[in-house]
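One structure is given here, and the rest of the page talks about it.
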Amino acid sequence: MSARTDPRGVHVWDRTFRLWDTYFAIVWLATLVFVLGTAQPAWPVRLAAAALLVLLVPLYVSVGRPVLMTEGVAERRAVTYIAAAVAVYMVPGVLVGETRLMAFALVPQCFIALRYRRAMIAVTVINIAPVVGWALLWDISRQDLFFNSVFAVVTLVFSAAFGGWTIRIMDQSQERAELIAELDASREEVAQLSADRGALAERERLSREIHDTLAQGFTSVLMLIQAVDAELDHDVPRARRHLALMADTARQNLAEARALVAGGAPADLDGASLPDALHRVASRHGALVRVLGEARPLAPGLEVVALRGCQEALANVHKHAPPDTPIQVELAYGEADLTLVVRDTGPGFDPAEATDGFGLRGLRARAAEVGGTATVTSAPGAGTTVTVRLPAPERTLT
């Protein structure tokens, strides 16, 4: 199993392993005190047992601790360490009965480093073999043998139960850690997708705004330049009027660009009502505006959609119809909706054969975003009608 990490990236297992170091040191020191302090057997035997116990310290520090910190990922190295630790422990465990206190430090290491089956084999040897060797080596009473045997069996059963429970907890913790890691990865993926979708939506919004304002303004400027170029030689007064219109269009484009950068309302709507804004736009295209119903303030988003719809329709007339084509703009305030209609008597087209450009797609997208619709009706020789219907319920006082 891999080491778990907390949200700050610090290895929890590495940090809490100091408790295991302290636990091992306390049990080892207590075992050494018991071995040296007991009355039996003779002191040379106890001293030899203590010397063997000392070997467990460098073995734990140099081999055991790295193995345990990786939770037995290197299985062969883990088996080697546990086998060496059990072998070193076995001799003093047979020589001095008090050495078996050291089992409380070795048994948890078996469950941390080994799989459950191998851990149970090692734990069985640690609990039973020293008692058997001790009974065979020394002349002990039946009572002592009975009590030590019962103690060894009880310790083995407790070790099996506690070890199995510990391993299940460790497995559950690892599963939860993996689930948390997957959840974090999913959250990052969702956040990235959300950011990408937001960026795409913002690009689409900017594309519509640029198309409906700057691109149309530049198109008008280019067409006016062509008109002025054709009129300079024979109609200077008209060329001057077109030059003035070019200046107005450039100023309008500059105002739209500033509003776009600032994220504010369109220049024509800045400080004006929707009917006033439509009059401004229509005057630049020679169109007539009629307002039906009682005009009332609407949500800014609805007014922007209506204004952009009018701009797009007028720009298409200017682009595809003769210069003096009559245009009518009708704005109708209903009880629960707002309807914008732009009609022209130009050449028209066959909607079944025409392919919508970016402007009409953008107009439909704008209307759909606020729950409205945008339709285009036309026929060859019968002009074109663009209709935008938006939900605009009257506000009621409460």
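By convention here, the chains of the structure tokens are called A, B, ... in the order presented, each chain's residues are numbered starting at 1, and ligands are numbered starting at 1 in the order presented.
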
- Message: Would you pick out the contacts of A:Pro130 at 12 Å or less, using only C-alpha atoms, so that residues sharing its chain but fewer than 5 positions from it are not included, and give the list as a list in words?
- Response: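 The contact residues come out as Val86, Ala87, Val88, Tyr89, Met90, Val91, Pro92, Gly93, Val94, Leu95, Val96, Gly97, Glu98, Thr99, Arg100, Leu101, Met102, Ala103, Val123, Thr124, Val125, Ala135, Leu136, Leu137, Trp138, Leu145, Asn148, Ser149 and Ala152 of chain A.
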
- Using only C-alpha atoms, pick whichever of A:Leu36, A:Val150, A:Ala287, A:Leu292 has the shortest atom-to-atom distance to A:Ala49.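 Ranked by minimum distance to A:Ala49, first place goes to A:Leu36.
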
- Message: as a PyMOL selection string, please: every residue in stretch 260-379 of chain A that a backbone DSSP assignment puts in alpha helix (DSSP H).
- Response: chain A and resi 260-262+274-285+300-320+358-369

Contacts of A:Val341 within 10 Å, only C-alpha atoms, excl. fewer than 2 positions in-chain, as a PDB file with all heavy atoms, in the first residue's frame:
```
ATOM      1  N   VAL A 289     -39.056  54.200 -37.194  1.00  0.00           N
ATOM      2  CA  VAL A 289     -39.310  53.427 -35.982  1.00  0.00           C
ATOM      3  C   VAL A 289     -40.715  53.730 -35.479  1.00  0.00           C
ATOM      4  O   VAL A 289     -41.130  54.900 -35.410  1.00  0.00           O
ATOM      5  CB  VAL A 289     -38.271  53.756 -34.882  1.00  0.00           C
ATOM      6  CG1 VAL A 289     -38.591  52.973 -33.606  1.00  0.00           C
ATOM      7  CG2 VAL A 289     -36.874  53.440 -35.370  1.00  0.00           C
ATOM      8  N   ARG A 290     -41.432  52.666 -35.121  1.00  0.00           N
ATOM      9  CA  ARG A 290     -42.743  52.814 -34.514  1.00  0.00           C
ATOM     10  C   ARG A 290     -42.789  52.006 -33.239  1.00  0.00           C
ATOM     11  O   ARG A 290     -42.396  50.825 -33.232  1.00  0.00           O
ATOM     12  CB  ARG A 290     -43.833  52.349 -35.473  1.00  0.00           C
ATOM     13  CG  ARG A 290     -45.248  52.598 -34.940  1.00  0.00           C
ATOM     14  CD  ARG A 290     -46.302  52.302 -35.970  1.00  0.00           C
ATOM     15  NE  ARG A 290     -46.297  50.888 -36.349  1.00  0.00           N
ATOM     16  CZ  ARG A 290     -47.344  50.293 -36.946  1.00  0.00           C
ATOM     17  NH1 ARG A 290     -48.424  50.976 -37.249  1.00  0.00           N
ATOM     18  NH2 ARG A 290     -47.256  49.022 -37.273  1.00  0.00           N
ATOM     19  N   ALA A 306     -32.709  42.959 -27.850  1.00  0.00           N
ATOM     20  CA  ALA A 306     -33.557  43.674 -28.813  1.00  0.00           C
ATOM     21  C   ALA A 306     -32.730  44.650 -29.648  1.00  0.00           C
ATOM     22  O   ALA A 306     -32.892  44.735 -30.884  1.00  0.00           O
ATOM     23  CB  ALA A 306     -34.668  44.400 -28.073  1.00  0.00           C
ATOM     24  N   GLY A 309     -30.536  42.760 -32.066  1.00  0.00           N
ATOM     25  CA  GLY A 309     -31.355  42.210 -33.142  1.00  0.00           C
ATOM     26  C   GLY A 309     -31.680  43.250 -34.194  1.00  0.00           C
ATOM     27  O   GLY A 309     -31.623  42.974 -35.397  1.00  0.00           O
ATOM     28  N   CYS A 310     -31.996  44.445 -33.739  1.00  0.00           N
ATOM     29  CA  CYS A 310     -32.277  45.533 -34.677  1.00  0.00           C
ATOM     30  C   CYS A 310     -31.024  45.883 -35.479  1.00  0.00           C
ATOM     31  O   CYS A 310     -31.089  46.068 -36.708  1.00  0.00           O
ATOM     32  CB  CYS A 310     -32.783  46.745 -33.909  1.00  0.00           C
ATOM     33  SG  CYS A 310     -33.235  48.139 -34.970  1.00  0.00           S
ATOM     34  N   ALA A 313     -30.370  43.141 -38.139  1.00  0.00           N
ATOM     35  CA  ALA A 313     -31.317  43.194 -39.253  1.00  0.00           C
ATOM     36  C   ALA A 313     -31.028  44.383 -40.168  1.00  0.00           C
ATOM     37  O   ALA A 313     -31.040  44.256 -41.408  1.00  0.00           O
ATOM     38  CB  ALA A 313     -32.741  43.278 -38.709  1.00  0.00           C
ATOM     39  N   GLN A 328     -38.680  49.545 -42.072  1.00  0.00           N
ATOM     40  CA  GLN A 328     -39.538  49.871 -40.943  1.00  0.00           C
ATOM     41  C   GLN A 328     -39.125  49.036 -39.733  1.00  0.00           C
ATOM     42  O   GLN A 328     -38.917  47.829 -39.840  1.00  0.00           O
ATOM     43  CB  GLN A 328     -41.006  49.594 -41.272  1.00  0.00           C
ATOM     44  CG  GLN A 328     -41.604  50.534 -42.302  1.00  0.00           C
ATOM     45  CD  GLN A 328     -43.079  50.274 -42.517  1.00  0.00           C
ATOM     46  OE1 GLN A 328     -43.612  49.256 -42.087  1.00  0.00           O
ATOM     47  NE2 GLN A 328     -43.745  51.211 -43.205  1.00  0.00           N
ATOM     48  N   VAL A 329     -39.018  49.700 -38.591  1.00  0.00           N
ATOM     49  CA  VAL A 329     -38.699  49.034 -37.323  1.00  0.00           C
ATOM     50  C   VAL A 329     -39.895  49.219 -36.404  1.00  0.00           C
ATOM     51  O   VAL A 329     -40.341  50.350 -36.165  1.00  0.00           O
ATOM     52  CB  VAL A 329     -37.428  49.618 -36.681  1.00  0.00           C
ATOM     53  CG1 VAL A 329     -37.160  48.938 -35.345  1.00  0.00           C
ATOM     54  CG2 VAL A 329     -36.233  49.463 -37.607  1.00  0.00           C
ATOM     55  N   GLU A 330     -40.384  48.112 -35.891  1.00  0.00           N
ATOM     56  CA  GLU A 330     -41.557  48.153 -35.009  1.00  0.00           C
ATOM     57  C   GLU A 330     -41.198  47.483 -33.683  1.00  0.00           C
ATOM     58  O   GLU A 330     -40.722  46.348 -33.657  1.00  0.00           O
ATOM     59  CB  GLU A 330     -42.731  47.430 -35.659  1.00  0.00           C
ATOM     60  CG  GLU A 330     -44.013  47.478 -34.852  1.00  0.00           C
ATOM     61  CD  GLU A 330     -45.136  46.756 -35.560  1.00  0.00           C
ATOM     62  OE1 GLU A 330     -45.636  47.296 -36.568  1.00  0.00           O
ATOM     63  OE2 GLU A 330     -45.489  45.648 -35.117  1.00  0.00           O
ATOM     64  N   LEU A 331     -41.435  48.212 -32.607  1.00  0.00           N
ATOM     65  CA  LEU A 331     -41.178  47.697 -31.265  1.00  0.00           C
ATOM     66  C   LEU A 331     -42.499  47.676 -30.514  1.00  0.00           C
ATOM     67  O   LEU A 331     -43.111  48.736 -30.291  1.00  0.00           O
ATOM     68  CB  LEU A 331     -40.162  48.575 -30.526  1.00  0.00           C
ATOM     69  CG  LEU A 331     -39.771  48.129 -29.112  1.00  0.00           C
ATOM     70  CD1 LEU A 331     -38.997  46.806 -29.172  1.00  0.00           C
ATOM     71  CD2 LEU A 331     -38.921  49.200 -28.426  1.00  0.00           C
ATOM     72  N   ALA A 332     -42.953  46.470 -30.123  1.00  0.00           N
ATOM     73  CA  ALA A 332     -44.262  46.322 -29.480  1.00  0.00           C
ATOM     74  C   ALA A 332     -44.089  45.794 -28.057  1.00  0.00           C
ATOM     75  O   ALA A 332     -43.520  44.721 -27.838  1.00  0.00           O
ATOM     76  CB  ALA A 332     -45.139  45.378 -30.291  1.00  0.00           C
ATOM     77  N   THR A 339     -41.797  42.445 -28.610  1.00  0.00           N
ATOM     78  CA  THR A 339     -41.633  41.985 -29.988  1.00  0.00           C
ATOM     79  C   THR A 339     -40.958  43.073 -30.806  1.00  0.00           C
ATOM     80  O   THR A 339     -41.391  44.234 -30.801  1.00  0.00           O
ATOM     81  CB  THR A 339     -42.984  41.636 -30.624  1.00  0.00           C
ATOM     82  OG1 THR A 339     -43.636  40.649 -29.827  1.00  0.00           O
ATOM     83  CG2 THR A 339     -42.788  41.089 -32.030  1.00  0.00           C
ATOM     84  N   ARG A 343     -38.706  45.244 -41.019  1.00  0.00           N
ATOM     85  CA  ARG A 343     -39.166  44.883 -42.369  1.00  0.00           C
ATOM     86  C   ARG A 343     -38.455  45.744 -43.409  1.00  0.00           C
ATOM     87  O   ARG A 343     -38.207  46.928 -43.174  1.00  0.00           O
ATOM     88  CB  ARG A 343     -40.674  45.093 -42.512  1.00  0.00           C
ATOM     89  CG  ARG A 343     -41.536  44.254 -41.594  1.00  0.00           C
ATOM     90  CD  ARG A 343     -43.017  44.473 -41.935  1.00  0.00           C
ATOM     91  NE  ARG A 343     -43.881  43.717 -41.034  1.00  0.00           N
ATOM     92  CZ  ARG A 343     -44.401  44.220 -39.909  1.00  0.00           C
ATOM     93  NH1 ARG A 343     -44.122  45.483 -39.575  1.00  0.00           N
ATOM     94  NH2 ARG A 343     -45.181  43.487 -39.156  1.00  0.00           N
ATOM     95  N   ALA A 374     -36.036  34.071 -32.465  1.00  0.00           N
ATOM     96  CA  ALA A 374     -35.744  34.992 -33.574  1.00  0.00           C
ATOM     97  C   ALA A 374     -36.027  34.257 -34.863  1.00  0.00           C
ATOM     98  O   ALA A 374     -35.503  33.158 -35.084  1.00  0.00           O
ATOM     99  CB  ALA A 374     -34.294  35.459 -33.518  1.00  0.00           C
ATOM    100  N   THR A 375     -36.879  34.827 -35.709  1.00  0.00           N
ATOM    101  CA  THR A 375     -37.247  34.189 -36.974  1.00  0.00           C
ATOM    102  C   THR A 375     -37.026  35.157 -38.131  1.00  0.00           C
ATOM    103  O   THR A 375     -37.095  36.380 -37.965  1.00  0.00           O
ATOM    104  CB  THR A 375     -38.727  33.748 -36.958  1.00  0.00           C
ATOM    105  OG1 THR A 375     -39.554  34.892 -36.731  1.00  0.00           O
ATOM    106  CG2 THR A 375     -38.971  32.713 -35.878  1.00  0.00           C
ATOM    107  N   VAL A 376     -36.758  34.597 -39.295  1.00  0.00           N
ATOM    108  CA  VAL A 376     -36.554  35.375 -40.519  1.00  0.00           C
ATOM    109  C   VAL A 376     -37.538  34.884 -41.565  1.00  0.00           C
ATOM    110  O   VAL A 376     -37.575  33.683 -41.876  1.00  0.00           O
ATOM    111  CB  VAL A 376     -35.107  35.245 -41.028  1.00  0.00           C
ATOM    112  CG1 VAL A 376     -34.938  36.043 -42.321  1.00  0.00           C
ATOM    113  CG2 VAL A 376     -34.121  35.708 -39.979  1.00  0.00           C
ATOM    114  N   THR A 385     -38.396  40.030 -43.440  1.00  0.00           N
ATOM    115  CA  THR A 385     -38.888  40.433 -42.118  1.00  0.00           C
ATOM    116  C   THR A 385     -38.166  39.625 -41.054  1.00  0.00           C
ATOM    117  O   THR A 385     -38.156  38.385 -41.095  1.00  0.00           O
ATOM    118  CB  THR A 385     -40.411  40.196 -41.993  1.00  0.00           C
ATOM    119  OG1 THR A 385     -41.083  40.951 -42.996  1.00  0.00           O
ATOM    120  CG2 THR A 385     -40.898  40.623 -40.613  1.00  0.00           C
ATOM    121  N   VAL A 386     -37.551  40.329 -40.125  1.00  0.00           N
ATOM    122  CA  VAL A 386     -36.882  39.691 -38.989  1.00  0.00           C
ATOM    123  C   VAL A 386     -37.720  39.981 -37.753  1.00  0.00           C
ATOM    124  O   VAL A 386     -38.015  41.149 -37.448  1.00  0.00           O
ATOM    125  CB  VAL A 386     -35.446  40.227 -38.796  1.00  0.00           C
ATOM    126  CG1 VAL A 386     -34.814  39.620 -37.552  1.00  0.00           C
ATOM    127  CG2 VAL A 386     -34.600  39.928 -40.024  1.00  0.00           C
ATOM    128  N   THR A 387     -38.121  38.932 -37.043  1.00  0.00           N
ATOM    129  CA  THR A 387     -38.978  39.069 -35.861  1.00  0.00           C
ATOM    130  C   THR A 387     -38.276  38.462 -34.650  1.00  0.00           C
ATOM    131  O   THR A 387     -37.865  37.298 -34.685  1.00  0.00           O
ATOM    132  CB  THR A 387     -40.324  38.364 -36.075  1.00  0.00           C
ATOM    133  OG1 THR A 387     -40.950  38.888 -37.262  1.00  0.00           O
ATOM    134  CG2 THR A 387     -41.247  38.597 -34.888  1.00  0.00           C
ATOM    135  N   VAL A 388     -38.165  39.257 -33.608  1.00  0.00           N
ATOM    136  CA  VAL A 388     -37.553  38.795 -32.352  1.00  0.00           C
ATOM    137  C   VAL A 388     -38.603  38.924 -31.263  1.00  0.00           C
ATOM    138  O   VAL A 388     -39.110  40.025 -31.003  1.00  0.00           O
ATOM    139  CB  VAL A 388     -36.306  39.624 -32.000  1.00  0.00           C
ATOM    140  CG1 VAL A 388     -35.715  39.132 -30.676  1.00  0.00           C
ATOM    141  CG2 VAL A 388     -35.272  39.541 -33.113  1.00  0.00           C
ATOM    142  N   ARG A 389     -38.969  37.813 -30.634  1.00  0.00           N
ATOM    143  CA  ARG A 389     -39.939  37.818 -29.533  1.00  0.00           C
ATOM    144  C   ARG A 389     -39.217  37.408 -28.250  1.00  0.00           C
ATOM    145  O   ARG A 389     -38.562  36.368 -28.197  1.00  0.00           O
ATOM    146  CB  ARG A 389     -41.088  36.857 -29.814  1.00  0.00           C
ATOM    147  CG  ARG A 389     -42.022  37.339 -30.911  1.00  0.00           C
ATOM    148  CD  ARG A 389     -43.252  36.441 -31.028  1.00  0.00           C
ATOM    149  NE  ARG A 389     -44.201  36.983 -32.012  1.00  0.00           N
ATOM    150  CZ  ARG A 389     -44.169  36.719 -33.297  1.00  0.00           C
ATOM    151  NH1 ARG A 389     -43.211  35.919 -33.776  1.00  0.00           N
ATOM    152  NH2 ARG A 389     -45.062  37.245 -34.119  1.00  0.00           N
TER     153      ARG A 389
END
```

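Take atom CA of A:Pro351 and atom CA of A:Val291: the distance between them is 27.9 Å.
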
- Message: Between atom CA of A:Leu298 and atom CA of A:Ala392, what is the distance in Å, rounded to a tenth?
- Response: 7.1 Å

- Query: So which one's closest to A:Val304, A:Leu390, A:Leu183, A:Val63, A:Leu232? Using only C-alpha atoms, please.
  - Reply: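 Of A:Leu390, A:Leu183, A:Val63, A:Leu232, the one nearest A:Val304 is A:Leu390, counting only C-alpha atoms.
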
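The gap separating atom CA of A:Glu231 from atom CA of A:Phe218 is 19.9 Å, in Å to one decimal.
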
- Message: Taking 4 positions as the minimum chain separation for residues in the same chain, which residues sit within 10 Å of stretch 293-296 of chain A when counting only C-alpha atoms? Answer as a VMD selection string.
- Response: chain A and resid 273 to 275 331 to 335 338 394 to 395

- Task: Please identify all polymer residues within 10 Å of A:Ala277, counting only C-alpha atoms, omitting same-chain residues fewer than 6 positions from it, and present them as a ChimeraX atom specification.
- Result: /A:266-271,283,303,307

- Message: Set the distance at 12 Å and use only C-alpha atoms: which residues neighbour A:Met246 once local chain neighbours fewer than 2 positions away are removed? I'd like the list as an MDAnalysis selection string.
- Response: chainID A and resid 217:228 239:244 248:253 284
